[in-house]
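Asker: My file is protein_29.txt. It has compact mmCIF, C-alpha atoms:
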# COMPACT_ATOMS: atom_id res chain seq x y z
CA MET A 25 235.09 152.08 253.64
CA THR A 26 231.44 151.73 252.79
CA THR A 27 232.03 153.34 249.39
CA ARG A 28 235.03 151.11 248.73
CA ARG A 29 233.06 147.95 249.63
CA TRP A 30 230.25 149.07 247.32
CA MET A 31 232.70 149.60 244.46
CA LEU A 32 234.33 146.20 245.00
CA ALA A 33 230.93 144.50 245.16
CA THR A 34 229.83 146.25 242.00
CA ALA A 35 233.02 145.27 240.20
CA ALA A 36 232.58 141.67 241.30
CA ALA A 37 229.00 141.64 240.08
CA LEU A 38 229.96 143.10 236.72
CA SER A 39 232.73 140.51 236.40
CA LEU A 40 230.27 137.71 237.14
CA VAL A 41 227.80 139.02 234.55
CA ALA A 42 230.58 139.27 231.95
CA GLY A 43 231.66 135.73 232.74
CA LEU A 44 228.11 134.45 232.36
CA ALA A 45 227.73 136.29 229.06
CA GLY A 46 230.94 134.70 227.73
CA PRO A 47 233.06 136.01 224.86
CA ALA A 48 231.54 137.91 221.95
CA ALA A 49 229.93 135.63 219.39
CA ALA A 50 232.27 134.65 216.56
CA LYS A 51 231.42 135.95 213.12
CA ASP A 52 230.28 133.56 210.41
CA VAL A 53 231.74 133.35 206.92
CA THR A 54 231.03 130.99 204.02
CA VAL A 55 234.00 130.02 201.84
CA GLY A 56 233.68 128.06 198.61
CA TYR A 57 236.44 125.80 197.32
CA GLN A 58 236.85 123.61 194.26
CA LEU A 59 238.44 120.31 193.29
CA ILE A 60 241.87 121.85 192.81
CA TYR A 61 244.91 120.43 194.60
CA SER A 62 246.52 123.20 196.62
CA PRO A 63 248.72 123.75 199.70
CA TRP A 64 245.84 125.60 201.36
CA ALA A 65 244.08 122.26 201.88
CA GLU A 66 246.40 121.60 204.82
CA PRO A 67 245.29 124.58 206.97
CA ILE A 68 241.69 123.95 205.91
CA VAL A 69 241.74 120.36 207.20
CA ALA A 70 243.71 121.38 210.31
CA LYS A 71 241.11 124.15 210.98
CA ARG A 72 243.84 126.76 211.29
CA PHE A 73 241.74 129.38 209.53
CA GLU A 74 239.17 129.12 212.31
CA GLN A 75 241.80 129.03 215.04
CA GLU A 76 243.76 132.02 213.78
CA THR A 77 240.84 134.26 212.83
CA GLY A 78 238.28 133.28 215.45
CA TYR A 79 235.59 133.13 212.77
CA ASN A 80 233.11 130.31 212.22
CA ILE A 81 233.87 129.16 208.66
CA ARG A 82 231.48 127.11 206.59
CA TRP A 83 233.41 125.39 203.80
CA VAL A 84 231.35 124.58 200.69
CA LYS A 85 232.61 122.49 197.77
CA PHE A 86 231.75 123.51 194.20
CA ASP A 87 232.24 121.56 190.97
CA SER A 88 233.03 124.59 188.83
CA GLY A 89 233.71 128.30 188.87
CA ALA A 90 230.46 128.97 187.04
CA LYS A 91 228.53 127.52 189.99
CA VAL A 92 230.66 129.57 192.38
CA ILE A 93 229.76 132.81 190.60
CA THR A 94 226.06 131.92 190.67
CA ALA A 95 226.27 131.33 194.42
CA MET A 96 228.07 134.62 194.99
CA ALA A 97 225.56 136.52 192.88
CA SER A 98 222.75 135.18 195.07
CA GLY A 99 224.57 136.10 198.30
CA GLN A 100 225.22 132.53 199.45
CA VAL A 101 229.03 132.80 199.62
CA ASP A 102 231.37 135.45 201.03
CA ILE A 103 234.71 134.18 199.67
CA ALA A 104 235.35 131.59 196.97
CA VAL A 105 237.79 130.06 194.53
CA ALA A 106 237.12 130.69 190.86
CA GLY A 107 239.18 130.57 187.70
CA SER A 108 239.97 133.71 185.75
CA SER A 109 237.19 132.91 183.26
CA PRO A 110 234.33 132.75 185.80
CA ILE A 111 235.80 135.81 187.55
CA ALA A 112 235.68 137.73 184.27
CA ALA A 113 232.09 136.58 183.73
CA GLY A 114 231.03 137.67 187.22
CA ALA A 115 232.74 141.05 186.92
CA SER A 116 231.14 141.65 183.51
CA GLN A 117 227.76 140.88 185.06
CA GLY A 118 228.38 143.47 187.77
CA ILE A 119 228.75 141.18 190.79
CA ASP A 120 230.12 143.27 193.65
CA PHE A 121 233.23 141.22 194.34
CA GLU A 122 236.99 141.62 194.10
CA LEU A 123 239.93 139.37 193.34
CA PHE A 124 242.23 139.57 196.37
CA TRP A 125 244.54 136.55 196.02
CA LEU A 126 245.81 134.13 193.40
CA LEU A 127 245.35 130.63 194.69
CA ASP A 128 247.69 129.56 191.91
CA ASP A 129 249.14 130.36 188.53
CA ILE A 130 247.64 127.45 186.57
CA ASN A 131 250.87 126.86 184.67
CA GLU A 132 250.96 123.13 183.72
CA ALA A 133 248.00 122.09 185.87
CA GLU A 134 245.43 122.28 183.10
CA ALA A 135 246.00 120.44 179.87
CA LEU A 136 244.34 119.26 176.70
CA VAL A 137 244.71 115.47 176.66
CA VAL A 138 243.84 113.15 173.77
CA ARG A 139 242.71 109.59 174.42
CA GLU A 140 244.82 106.70 173.22
CA GLY A 141 243.04 104.90 170.41
CA SER A 142 241.03 107.98 169.44
CA GLY A 143 242.97 108.51 166.22
CA ILE A 144 244.27 111.90 167.36
CA ASP A 145 247.99 112.59 167.04
CA PRO A 146 249.02 114.84 169.98
CA LYS A 147 251.64 116.46 167.73
CA GLN A 148 249.16 117.13 164.93
CA PRO A 149 246.29 119.41 166.13
CA GLN A 150 244.56 119.10 162.75
CA THR A 151 243.70 115.50 163.69
CA LEU A 152 241.18 116.93 166.20
CA LYS A 153 238.82 117.57 163.28
CA GLY A 154 235.64 115.53 163.58
CA LYS A 155 236.48 114.38 167.13
CA THR A 156 234.63 114.96 170.41
CA LEU A 157 236.25 117.19 173.01
CA ALA A 158 234.82 117.81 176.50
CA VAL A 159 235.46 120.90 178.61
CA PRO A 160 233.60 122.75 181.41
CA PHE A 161 232.08 125.76 179.66
CA VAL A 162 232.94 129.27 180.89
CA SER A 163 236.02 127.87 182.64
CA THR A 164 239.70 128.68 182.24
CA THR A 165 240.07 125.50 180.16
CA HIS A 166 237.19 126.55 177.90
CA PHE A 167 238.95 129.89 177.34
CA HIS A 168 242.21 128.11 176.52
CA THR A 169 240.48 125.48 174.36
CA LEU A 170 239.18 128.14 172.00
CA PHE A 171 242.47 130.05 172.12
CA ALA A 172 244.32 126.84 171.22
CA LEU A 173 241.99 126.10 168.31
CA ASP A 174 242.44 129.63 167.03
CA THR A 175 246.23 129.30 167.36
CA TRP A 176 246.09 126.10 165.32
CA GLY A 177 243.81 127.55 162.65
CA LEU A 178 240.88 125.33 163.64
CA LYS A 179 237.27 126.46 163.97
CA PRO A 180 235.13 125.21 166.90
CA GLY A 181 232.61 123.84 164.39
CA GLU A 182 235.22 121.47 162.99
CA LEU A 183 234.95 119.26 166.07
CA LYS A 184 232.25 118.48 168.61
CA ILE A 185 232.74 120.40 171.86
CA LEU A 186 230.71 119.18 174.85
CA ASN A 187 230.05 121.00 178.12
CA MET A 188 230.96 118.62 180.96
CA GLN A 189 232.05 119.04 184.57
CA PRO A 190 235.38 117.43 185.58
CA ASN A 191 233.83 114.36 187.23
CA GLN A 192 231.64 113.82 184.17
CA ILE A 193 234.67 114.14 181.91
CA ALA A 194 236.57 111.43 183.79
CA ALA A 195 233.59 109.06 183.63
CA ALA A 196 232.91 109.73 179.92
CA TRP A 197 236.61 109.27 179.15
CA GLU A 198 236.71 105.86 180.80
CA ARG A 199 233.59 104.81 178.87
CA GLY A 200 235.23 105.90 175.60
CA ASP A 201 232.51 108.50 174.91
CA ILE A 202 234.94 111.36 174.28
CA ASP A 203 238.19 111.65 172.36
CA ALA A 204 239.83 114.59 174.11
CA ALA A 205 239.36 116.87 177.10
CA PHE A 206 240.80 120.06 178.53
CA VAL A 207 240.54 119.85 182.33
CA TRP A 208 242.36 120.01 185.68
CA ASP A 209 243.12 117.59 188.54
CA PRO A 210 241.92 115.23 189.91
CA ALA A 211 240.17 114.49 186.58
CA LEU A 212 243.31 115.39 184.64
CA ALA A 213 245.36 112.77 186.47
CA ARG A 214 242.73 110.14 185.70
CA ILE A 215 242.57 110.78 181.96
CA LYS A 216 246.35 111.06 181.61
CA LYS A 217 246.57 107.37 182.49
CA SER A 218 245.24 106.50 179.05
CA GLY A 219 245.98 109.67 177.14
CA GLN A 220 248.68 112.05 175.96
CA VAL A 221 249.01 115.78 176.54
CA MET A 222 248.59 117.87 173.40
CA ILE A 223 249.13 121.29 175.04
CA THR A 224 249.09 122.82 178.53
CA SER A 225 247.72 126.07 179.87
CA GLY A 226 251.26 127.10 180.70
CA GLU A 227 252.22 126.88 177.04
CA LEU A 228 249.13 128.84 176.00
CA SER A 229 249.74 131.48 178.69
CA ALA A 230 253.21 131.97 177.22
CA LYS A 231 251.49 132.82 173.94
CA GLY A 232 249.86 135.83 175.59
CA LYS A 233 246.70 134.69 177.38
CA ALA A 234 247.26 133.84 181.04
CA THR A 235 244.89 131.89 183.27
CA PHE A 236 244.84 131.46 187.04
CA ASP A 237 242.69 130.31 189.94
CA GLY A 238 241.81 133.21 192.20
CA LEU A 239 240.10 133.92 195.48
CA VAL A 240 237.34 136.49 195.26
CA ALA A 241 235.45 138.11 198.11
CA MET A 242 232.22 140.03 198.14
CA ARG A 243 233.35 143.65 198.40
CA PRO A 244 231.13 144.63 201.37
CA PHE A 245 232.35 141.62 203.37
CA ALA A 246 236.01 142.33 202.63
CA ALA A 247 235.65 146.01 203.52
CA ALA A 248 233.95 145.16 206.81
CA ASN A 249 236.48 142.47 207.79
CA PRO A 250 239.96 143.69 206.81
CA GLU A 251 241.77 142.01 209.71
CA PHE A 252 240.17 138.67 208.91
CA MET A 253 241.05 139.07 205.22
CA ALA A 254 244.71 139.81 205.97
CA LYS A 255 245.00 136.82 208.32
CA PHE A 256 243.22 134.60 205.81
CA VAL A 257 245.70 135.56 203.08
CA ARG A 258 248.70 135.21 205.40
CA LEU A 259 247.72 131.63 206.29
CA ILE A 260 247.48 130.68 202.61
CA ASP A 261 250.83 132.32 201.91
CA GLU A 262 252.42 130.42 204.81
CA ALA A 263 250.99 127.14 203.47
CA ASN A 264 252.39 127.91 200.01
CA THR A 265 255.81 128.74 201.46
CA ALA A 266 255.87 125.53 203.50
CA TYR A 267 254.93 123.51 200.41
CA LYS A 268 257.66 125.07 198.27
CA GLN A 269 260.25 124.31 200.96
CA GLN A 270 259.36 120.60 201.04
CA LYS A 271 258.21 120.16 197.43
CA GLY A 272 260.87 117.64 196.45
CA LYS A 273 260.55 115.57 199.63
CA LEU A 274 256.81 114.90 199.82
CA THR A 275 255.50 111.44 200.65
CA ALA A 276 252.08 109.90 201.14
CA ASP A 277 252.37 110.76 204.84
CA SER A 278 253.16 114.46 204.34
CA PRO A 279 250.42 116.61 205.95
CA VAL A 280 249.77 118.60 202.77
CA VAL A 281 249.35 115.40 200.75
CA LYS A 282 247.07 113.75 203.31
CA ALA A 283 245.00 116.94 203.59
CA ASN A 284 244.40 117.14 199.82
CA VAL A 285 243.38 113.48 199.68
CA GLU A 286 240.99 113.98 202.60
CA LEU A 287 239.49 117.18 201.24
CA LEU A 288 239.42 116.47 197.50
CA GLY A 289 239.96 112.76 196.98
CA GLY A 290 242.42 111.03 194.70
CA ASP A 291 245.57 109.14 195.62
CA PRO A 292 248.75 110.47 197.30
CA GLN A 293 250.95 110.14 194.22
CA GLY A 294 248.36 111.97 192.14
CA VAL A 295 248.31 114.78 194.70
CA ILE A 296 252.11 115.08 194.71
CA GLU A 297 252.22 115.21 190.92
CA GLY A 298 249.23 117.55 190.73
CA LEU A 299 250.63 120.10 193.18
CA ALA A 300 253.89 120.23 191.25
CA LEU A 301 252.10 121.42 188.11
CA TYR A 302 251.02 124.76 189.62
CA ALA A 303 253.04 127.86 190.49
CA TYR A 304 252.27 129.61 193.79
CA PRO A 305 253.31 133.28 193.76
CA GLY A 306 254.19 134.65 197.22
CA ALA A 307 252.42 137.58 198.87
CA ALA A 308 255.06 140.14 197.88
CA GLU A 309 254.98 139.01 194.24
CA GLN A 310 251.19 139.02 194.17
CA ALA A 311 251.02 142.51 195.66
CA SER A 312 253.56 143.77 193.11
CA ALA A 313 252.89 145.43 189.78
CA ARG A 314 253.34 142.03 188.10
CA TRP A 315 250.09 140.55 189.41
CA LEU A 316 247.50 142.29 191.57
CA GLY A 317 249.20 145.62 192.17
CA GLY A 318 249.81 146.60 188.57
CA GLY A 319 246.39 148.03 187.82
CA ALA A 320 245.53 147.88 184.13
CA ASP A 321 249.08 146.76 183.34
CA GLY A 322 249.10 143.85 185.82
CA ILE A 323 248.68 140.26 184.70
CA ALA A 324 245.46 139.85 186.71
CA VAL A 325 243.57 142.74 185.09
CA LYS A 326 244.94 141.91 181.64
CA ALA A 327 243.84 138.28 181.97
CA ILE A 328 240.35 139.24 183.18
CA THR A 329 239.97 141.75 180.33
CA ALA A 330 241.08 139.29 177.65
CA THR A 331 238.82 136.62 179.09
CA ALA A 332 235.83 138.98 179.19
CA GLU A 333 236.37 139.68 175.49
CA PHE A 334 236.41 135.93 174.84
CA LEU A 335 233.19 135.45 176.81
CA LYS A 336 231.48 138.29 174.92
CA ALA A 337 232.48 136.69 171.61
CA GLN A 338 231.00 133.40 172.83
CA GLY A 339 227.75 135.07 173.85
CA LYS A 340 228.31 134.23 177.53
CA VAL A 341 228.25 137.84 178.73
CA ASP A 342 226.40 140.84 177.35
CA GLN A 343 229.16 143.38 177.74
CA VAL A 344 232.87 143.98 178.20
CA LEU A 345 233.50 146.67 180.80
CA PRO A 346 235.82 149.54 179.89
CA ASP A 347 237.90 148.94 183.04
CA TYR A 348 238.34 145.85 185.23
CA THR A 349 240.79 147.37 187.71
CA PRO A 350 238.03 147.93 190.35
CA PHE A 351 237.65 144.15 190.55
CA VAL A 352 241.25 143.56 191.66
CA ASN A 353 242.39 144.52 195.17
CA PRO A 354 246.06 144.05 196.22
CA ALA A 355 245.55 145.43 199.74
CA PHE A 356 245.32 142.12 201.60
CA ALA A 357 248.28 140.58 199.76
CA THR A 358 250.22 143.73 200.65
CA ALA A 359 249.25 143.37 204.31
CA ALA A 360 250.22 139.68 204.31
CA ALA A 361 253.60 140.51 202.79
CA LYS A 362 254.55 142.83 205.66
CA PRO A 363 256.66 141.28 208.44
CA GLN A 364 254.60 140.47 211.53
CA SER A 365 255.52 142.48 214.61
Hey, can you dump this file as structure tokens for me?

Answerer:
Amino acid sequence: MTTRRWMLATAAALSLVAGLAGPAAAKDVTVGYQLIYSPWAEPIVAKRFEQETGYNIRWVKFDSGAKVITAMASGQVDIAVAGSSPIAAGASQGIDFELFWLLDDINEAEALVVREGSGIDPKQPQTLKGKTLAVPFVSTTHFHTLFALDTWGLKPGELKILNMQPNQIAAAWERGDIDAAFVWDPALARIKKSGQVMITSGELSAKGKATFDGLVAMRPFAAANPEFMAKFVRLIDEANTAYKQQKGKLTADSPVVKANVELLGGDPQGVIEGLALYAYPGAAEQASARWLGGGADGIAVKAITATAEFLKAQGKVDQVLPDYTPFVNPAFATAAAKPQS
């Protein structure tokens, strides 16, 4: 009896100590996002990522993918959104990260718009000669700007190309300082109000050079946190699925619309129209050979390789790597695609 009482007392004491110590401290992770309308804004605003993973997440807003890559290179960010152009730049520079999810297939969500009254005919690309076009350098739109000019037989020197961030583009447009711009929402929605679309990224992708917005993670972080990564991807995939199911019935009061306005700004109608311009491949499609799982033959690796060649030609990177497959990891999309038990 004495031994039993001692064991019970010891167990009670250990239980008390455990209770005082509390649960294990939650891990911290820093995630960078950009001004891109997306279904994932809804779980961000609702804090479902924190609730489902148990991690403390610090959300940091960036104006461009180039700034995201700089932050990742300096170890300030664990996971972030970047376009295929900044991803190609970071990979070519040897940043130890990997593309693990496509936030979106850019499709019609980036466009070259010409300002009304600028003297540019949207059906006549040659009328761009001598005009001023703004675009964020080393971005997906910069990549497609130069591809478009090449397609049209125009040389970059035949017009003035300025490096501006999206918010700067919208302000310069409204002042009448620029004649054209290749950009994404919310700035795209603003300039469309007094401009006409000349060409979209979807049309240029169909000509052989795809662009997308991707989520990249520092490789050591992803390897050390596989369960978190799989849950993170699954939550985004669920948000995309929910959006696609209600796409034609959205209103200003829809949670996904309100979340994008709260997180990124703009007006509800602009959000509804902006979301509709993107394509959101599901987890199974992303994990397939078409996108992330196809190795050198997948769209992701092909797009990164083509973009790296473009950046090298522009003097933005020093080298094009012989193989970009190590920078694409389909494992977490594959895990998210599996039915939950």

Asker: Measuring atom to atom with only C-alpha atoms, identify which of A:Gly200, A:Gly226, A:Pro63, A:Pro146 is nearest to Ile130 of chain A.

Answerer: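 Checking each of A:Gly200, A:Gly226, A:Pro63, A:Pro146 against Ile130 of chain A, counting only C-alpha atoms, the winner is A:Gly226.
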
Asker: Please, what distance in Å, to one decimal, runs between atom CA of Tyr61 of chain A and atom CA of Leu299 of chain A?

Answerer: 5.9 Å

Asker: Quick one: distance from atom CA of Val344 of chain A to atom CA of Ala332 of chain A in Å, one decimal?

Answerer: 5.9 Å

Asker: Could you jot down the atom CA of Ala324 of chain A to atom CA of Lys91 of chain A separation for me, Å, one decimal place?

Answerer: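 Computing it gives 21.2 Å between the two atoms.
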
Asker: Within 8 Å of segment 163-165 of chain A, counting only C-alpha atoms, which residues show up once you throw out same-chain ones fewer than 5 positions away? Write them as a list in words, please.

Answerer: Ser88, Gly89, Ala90, Gly107, Ser108, Ser109, Pro110, Glu134, Ala135, Phe206, Val207, Ser225, Thr235 and Phe236 of chain A

Asker: Pick out the closest residue to Pro244 of chain A from this set: A:Phe161, A:Phe334, A:Phe121, A:Phe73. Count only C-alpha atoms.

Answerer: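 Among A:Phe161, A:Phe334, A:Phe121, A:Phe73, it is A:Phe121 that comes nearest to Pro244 of chain A.
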
Asker: When you look at Lys231 of chain A with a cut-off of 12 Å (counting all atoms listed in the file), what residues show up, excluding the ones that are within fewer than 5 positions of it in the same chain? I need them as a PyMOL selection string.

Answerer: chain A and resi 168+171-172+174-175+223-226

Asker: Tell me which protein, DNA and RNA residues are within 9 Å of Ser116 of chain A, counting all atoms listed in the file, leaving out same-chain ones fewer than 3 positions away, and put them as a PyMOL selection string.

Answerer: chain A and resi 111-113+119+332+341-345+348

Asker: Contacts of Pro305 of chain A at 10 Å or less, counting only C-alpha atoms, minus same-chain residues fewer than 5 places along, as a PyMOL selection string?

Answerer: chain A and resi 125-129+261+264-265+310-311+315

Asker: Which residue is closest to Thr358 of chain A? Choose from A:Lys233, A:Lys85, A:Arg258, A:Lys336 and count all atoms listed in the file.

Answerer: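 Closest to Thr358 of chain A of all the choices is A:Arg258.
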
Asker: When you look at Ile193 of chain A with a cut-off of 9 Å (counting all atoms listed in the file), what residues show up, excluding the ones that are within fewer than 2 positions of it in the same chain? I need them as a ChimeraX atom specification.

Answerer: /A:158-160,188-191,195-198,202,205,207,211,215

Asker: Taking all atoms listed in the file into account, name the residue in A:Gln364, A:His166, A:Leu173, A:Leu178 that is nearest to Gln338 of chain A.

Answerer: A:His166
